[in-house]
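**Q** This is coords_17.txt (compact mmCIF, C-alpha atoms).
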```txt
# COMPACT_ATOMS: atom_id res chain seq x y z
CA MET V 51 -100.56 -62.97 -151.61
CA ALA V 52 -103.04 -65.33 -149.95
CA SER V 53 -102.24 -66.11 -146.32
CA ILE V 54 -103.28 -69.35 -144.62
CA ALA V 55 -103.50 -68.87 -140.86
CA ASP V 56 -101.52 -70.97 -138.39
CA ASP V 57 -104.77 -72.24 -136.87
CA GLU V 58 -106.31 -73.07 -140.25
CA LYS V 59 -108.07 -76.40 -139.79
CA GLY V 60 -107.99 -77.27 -143.50
CA HIS V 61 -110.33 -79.85 -144.99
CA GLU V 62 -111.12 -83.46 -144.18
CA LEU V 63 -109.50 -85.94 -146.55
CA ASP V 64 -112.77 -87.69 -147.36
CA LEU V 65 -114.06 -84.53 -149.07
CA PHE V 66 -111.45 -84.92 -151.82
CA CYS V 67 -109.99 -87.49 -154.18
CA VAL V 68 -106.82 -88.68 -152.44
CA PRO V 69 -104.79 -91.71 -153.63
CA LYS V 70 -105.68 -94.71 -151.48
CA HIS V 71 -102.01 -95.44 -150.76
CA TYR V 72 -101.71 -92.08 -148.97
CA GLU V 73 -104.97 -92.06 -147.00
CA ASN V 74 -103.29 -92.97 -143.70
CA ASP V 75 -100.33 -90.65 -144.19
CA LEU V 76 -102.03 -87.25 -144.24
CA GLU V 77 -103.59 -85.09 -141.54
CA ARG V 78 -105.74 -82.92 -143.81
CA VAL V 79 -105.92 -81.00 -147.09
CA ILE V 80 -104.59 -77.47 -146.57
CA ILE V 81 -104.82 -76.15 -150.17
CA PRO V 82 -107.16 -77.94 -152.60
CA HIS V 83 -106.01 -78.35 -156.19
CA GLY V 84 -108.65 -76.00 -157.60
CA LEU V 85 -107.49 -73.17 -155.33
CA ILE V 86 -103.87 -73.77 -156.39
CA MET V 87 -104.89 -73.44 -160.03
CA ASP V 88 -106.91 -70.25 -159.49
CA ARG V 89 -104.04 -68.61 -157.60
CA THR V 90 -101.54 -69.73 -160.25
CA GLU V 91 -103.67 -68.14 -162.96
CA ARG V 92 -103.63 -64.84 -161.07
CA LEU V 93 -99.84 -65.02 -160.60
CA ALA V 94 -99.49 -65.55 -164.36
CA ARG V 95 -101.53 -62.42 -164.97
CA ASP V 96 -99.37 -60.39 -162.57
CA ILE V 97 -96.17 -61.65 -164.21
CA VAL V 98 -97.39 -60.80 -167.72
CA ARG V 99 -98.45 -57.35 -166.50
CA ASP V 100 -95.03 -56.64 -164.96
CA MET V 101 -92.73 -58.41 -167.41
CA GLY V 102 -94.68 -58.21 -170.66
CA GLY V 103 -92.60 -57.15 -173.63
CA HIS V 104 -89.39 -58.67 -172.24
CA HIS V 105 -87.95 -61.95 -173.47
CA ILE V 106 -88.00 -64.11 -170.34
CA VAL V 107 -86.03 -67.25 -169.50
CA ALA V 108 -88.26 -69.20 -167.10
CA LEU V 109 -85.96 -71.21 -164.82
CA CYS V 110 -87.65 -74.16 -163.11
CA VAL V 111 -86.23 -75.29 -159.78
CA LEU V 112 -86.50 -79.09 -159.79
CA LYS V 113 -87.84 -81.37 -158.59
CA GLY V 114 -90.61 -79.82 -156.53
CA GLY V 115 -91.24 -76.90 -158.85
CA TYR V 116 -92.14 -78.86 -161.96
CA LYS V 117 -95.94 -78.98 -161.49
CA PHE V 118 -96.24 -75.31 -160.58
CA PHE V 119 -93.85 -74.43 -163.43
CA ALA V 120 -95.90 -76.32 -166.03
CA ASP V 121 -99.23 -74.90 -164.88
CA LEU V 122 -97.87 -71.35 -164.56
CA LEU V 123 -96.44 -71.48 -168.09
CA ASP V 124 -99.73 -72.84 -169.44
CA TYR V 125 -101.53 -69.81 -168.01
CA ILE V 126 -98.88 -67.40 -169.33
CA THR V 127 -99.17 -69.03 -172.78
CA ALA V 128 -102.96 -68.59 -172.69
CA LEU V 129 -102.54 -64.92 -171.78
CA ASN V 130 -100.00 -64.47 -174.58
CA GLN V 131 -102.63 -65.65 -177.03
CA ASN V 132 -105.50 -63.62 -175.64
CA SER V 133 -104.22 -60.27 -174.35
CA ASP V 134 -102.55 -57.10 -175.63
CA LYS V 135 -99.38 -57.75 -173.63
CA SER V 136 -97.33 -60.90 -174.15
CA VAL V 137 -94.17 -62.47 -172.76
CA PRO V 138 -91.80 -64.31 -175.16
CA LEU V 139 -90.65 -67.37 -173.20
CA THR V 140 -87.84 -69.88 -173.24
CA VAL V 141 -87.34 -72.43 -170.47
CA ASP V 142 -84.46 -73.93 -168.54
CA PHE V 143 -84.10 -76.22 -165.52
CA ILE V 144 -81.93 -76.44 -162.43
CA ARG V 145 -82.00 -78.86 -159.51
CA VAL V 146 -81.46 -77.66 -155.95
CA LYS V 147 -81.34 -80.01 -152.96
CA SER V 148 -81.33 -78.92 -149.31
CA TYR V 149 -83.44 -81.57 -147.50
CA CYS V 150 -82.85 -84.84 -145.73
CA ASN V 151 -86.06 -86.41 -144.39
CA ASP V 152 -88.11 -83.51 -142.93
CA GLN V 153 -85.15 -81.29 -142.00
CA SER V 154 -83.74 -78.50 -144.14
CA THR V 155 -79.96 -78.83 -144.09
CA ASN V 156 -77.46 -75.99 -144.05
CA ARG V 157 -75.87 -77.42 -147.20
CA VAL V 158 -77.43 -76.33 -150.47
CA LYS V 159 -76.51 -78.45 -153.47
CA VAL V 160 -77.08 -76.94 -156.93
CA ILE V 161 -77.05 -79.37 -159.85
CA GLY V 162 -76.69 -77.72 -163.23
CA GLY V 163 -75.19 -74.54 -161.78
CA ASP V 164 -72.28 -74.69 -164.20
CA GLU V 165 -74.77 -73.86 -166.96
CA LEU V 166 -76.02 -70.66 -165.32
CA SER V 167 -73.43 -68.68 -167.30
CA LYS V 168 -75.68 -68.86 -170.39
CA LEU V 169 -78.17 -66.64 -168.52
CA SER V 170 -75.79 -63.68 -168.77
CA GLY V 171 -77.66 -60.59 -170.01
CA LYS V 172 -81.03 -62.40 -169.88
CA ASN V 173 -84.27 -61.60 -168.04
CA VAL V 174 -84.77 -64.55 -165.69
CA LEU V 175 -87.92 -65.69 -163.89
CA ILE V 176 -87.06 -68.31 -161.26
CA VAL V 177 -90.02 -70.61 -160.53
CA GLU V 178 -89.90 -72.33 -157.14
CA ASP V 179 -92.39 -74.51 -155.26
CA ILE V 180 -91.68 -73.37 -151.68
CA VAL V 181 -89.44 -70.92 -149.83
CA GLU V 182 -88.79 -71.93 -146.23
CA THR V 183 -85.63 -70.54 -144.60
CA GLY V 184 -84.84 -68.63 -147.80
CA ARG V 185 -81.22 -69.80 -147.77
CA THR V 186 -81.62 -72.07 -150.78
CA MET V 187 -82.95 -69.22 -152.91
CA GLU V 188 -80.34 -66.78 -151.58
CA THR V 189 -77.62 -69.26 -152.59
CA LEU V 190 -79.11 -69.65 -156.06
CA LEU V 191 -79.49 -65.88 -156.50
CA SER V 192 -75.88 -65.38 -155.43
CA LEU V 193 -74.68 -67.92 -158.01
CA LEU V 194 -76.89 -66.31 -160.63
CA SER V 195 -75.67 -62.78 -159.90
CA ASP V 196 -72.11 -63.90 -160.73
CA CYS V 197 -73.38 -64.60 -164.25
CA LYS V 198 -74.70 -61.03 -164.61
CA PRO V 199 -78.28 -61.54 -165.85
CA LYS V 200 -80.13 -58.40 -166.93
CA MET V 201 -83.04 -58.93 -164.53
CA VAL V 202 -84.09 -61.63 -162.05
CA LYS V 203 -87.56 -62.15 -160.57
CA VAL V 204 -88.64 -65.02 -158.34
CA VAL V 205 -92.11 -66.57 -158.09
CA SER V 206 -92.82 -69.17 -155.40
CA LEU V 207 -96.11 -70.97 -154.96
CA LEU V 208 -95.58 -71.17 -151.18
CA VAL V 209 -93.69 -69.21 -148.54
CA LYS V 210 -93.52 -70.76 -145.10
CA ARG V 211 -93.84 -68.69 -141.92
CA THR V 212 -90.99 -69.98 -139.79
CA PRO V 213 -88.63 -68.57 -137.14
CA ARG V 214 -85.80 -70.12 -139.19
CA SER V 215 -86.46 -67.70 -142.06
CA SER V 216 -83.61 -65.49 -143.23
CA GLY V 217 -86.17 -62.81 -144.10
CA TYR V 218 -85.96 -63.42 -147.86
CA ARG V 219 -89.23 -62.82 -149.78
CA PRO V 220 -89.85 -63.68 -153.46
CA ASP V 221 -91.23 -61.09 -155.89
CA TYR V 222 -94.41 -63.12 -156.41
CA ILE V 223 -95.99 -65.35 -153.76
CA GLY V 224 -98.91 -67.72 -154.16
CA PHE V 225 -99.69 -68.61 -150.54
CA GLU V 226 -98.07 -67.88 -147.19
CA VAL V 227 -98.42 -71.08 -145.17
CA PRO V 228 -97.94 -72.30 -141.57
CA ASP V 229 -94.74 -73.95 -140.38
CA ALA V 230 -95.91 -77.52 -141.05
CA PHE V 231 -94.45 -80.17 -143.34
CA LEU V 232 -96.44 -79.97 -146.56
CA VAL V 233 -96.65 -82.52 -149.38
CA GLY V 234 -98.52 -82.84 -152.66
CA TYR V 235 -98.69 -80.96 -155.96
CA ALA V 236 -95.07 -82.13 -156.54
CA LEU V 237 -93.92 -81.30 -152.99
CA ASP V 238 -92.33 -84.46 -151.71
CA TYR V 239 -91.12 -86.27 -148.63
CA ASN V 240 -88.13 -88.37 -149.70
CA GLU V 241 -89.61 -88.51 -153.24
CA TYR V 242 -93.07 -89.69 -152.11
CA PHE V 243 -96.32 -87.66 -152.48
CA ARG V 244 -95.43 -85.92 -155.76
CA ASP V 245 -98.43 -87.76 -157.26
CA LEU V 246 -100.88 -86.07 -154.87
CA SER V 247 -102.96 -83.28 -156.45
CA HIS V 248 -103.74 -81.27 -153.30
CA ILE V 249 -101.30 -79.72 -150.83
CA CYS V 250 -101.66 -81.57 -147.54
CA ILE V 251 -100.08 -81.74 -144.09
CA LEU V 252 -98.06 -84.89 -143.51
CA ASN V 253 -98.68 -86.77 -140.28
CA ASP V 254 -95.92 -87.95 -137.92
CA ARG V 255 -96.53 -91.63 -138.64
CA ALA V 256 -95.82 -91.07 -142.34
CA LYS V 257 -92.54 -89.28 -141.53
CA GLU V 258 -91.32 -92.48 -139.91
CA LYS V 259 -92.86 -94.73 -142.57
CA TYR V 260 -91.04 -93.02 -145.46
CA LYS V 261 -87.85 -92.06 -143.63
CA VAL V 262 -84.54 -92.90 -145.32
```
Kindly present the structure from the file in structure tokens form.

**A**
Amino acid sequence: MASIADDEKGHELDLFCVPKHYENDLERVIIPHGLIMDRTERLARDIVRDMGGHHIVALCVLKGGYKFFADLLDYITALNQNSDKSVPLTVDFIRVKSYCNDQSTNRVKVIGGDELSKLSGKNVLIVEDIVETGRTMETLLSLLSDCKPKMVKVVSLLVKRTPRSSGYRPDYIGFEVPDAFLVGYALDYNEYFRDLSHICILNDRAKEKYKV
């Protein structure tokens, strides 16, 4: 796991290609796209090492997880073609919602949960973008356990250090990050910023600008 310190200053926006419509909304780049991709490639290697030989159902948590999911599976596919160990893959999708504006709510809404029953007896890899309090993932894992899968592993690109954490930790972690509101690489704020390649810290003015 790569840890980004709480006092990490990040990178100035003008060092990177940032969409012009977001230039005034961001404080700084905290994880550049290239670093995300390198770390994702390593996570793919670790997953193939640990789960190789098993037929895996990769379960993407939408909407924020879709970019990480696609890139992770691309790396796993490349490893399948070029290494001694390979992971037969099928994919499925679920949508989980727990946010309103910049606040994580206590209510976790799972869309598509009625289809989890088809994962009974399967080896499941849940692919998530970010774990914050951990309650969303704990709710999903609880629902999944009722369906009696054979094995469940969780990979999350980000885990946030926050006093609100339940203590839950995924099996595979890309980066541990400070308790700031992050956007980009499909992480959104009220559906904005999914089209930003880097992971950035959102400024307070933008929280008001895009508030619903």

**Q** Please indicate the distance in Å from atom CA of Gly60 of chain V to atom CA of Ile81 of chain V, rounded to one decimal place.

**A**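 Pair atom CA of Gly60 of chain V / atom CA of Ile81 of chain V returns 7.5 Å.
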
**Q** Which one of V:Met51, V:Val79, V:Cys197, V:Val160 sits closest to Asp64 of chain V if you count only C-alpha atoms?

**A**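 Looking at the shortest contact to Asp64 of chain V, the residue is V:Val79.
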
**Q** For a test of reading the model, state the distance in Å between atom CA of Ser215 of chain V and atom CA of Ala230 of chain V, rounded to one decimal.

**A**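 Separation of atom CA of Ser215 of chain V and atom CA of Ala230 of chain V: 13.7 Å.
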
**Q** Using only C-alpha atoms, find the one residue out of V:Lys70, V:Gly114, V:Lys172, V:Asp142 that sits nearest to Glu241 of chain V.

**A** V:Gly114

**Q** Starting from 4 Å padding per side, set up an axis-aligned box that covers all listed atoms of segment 178-195 of chain V and hand over centre and edge lengths in Å, one decimal, as AutoDock Vina command-line options.

**A**
```
--center_x -83.5 --center_y -68.6 --center_z -152.6 --size_x 25.7 --size_y 19.7 --size_z 24.0
```
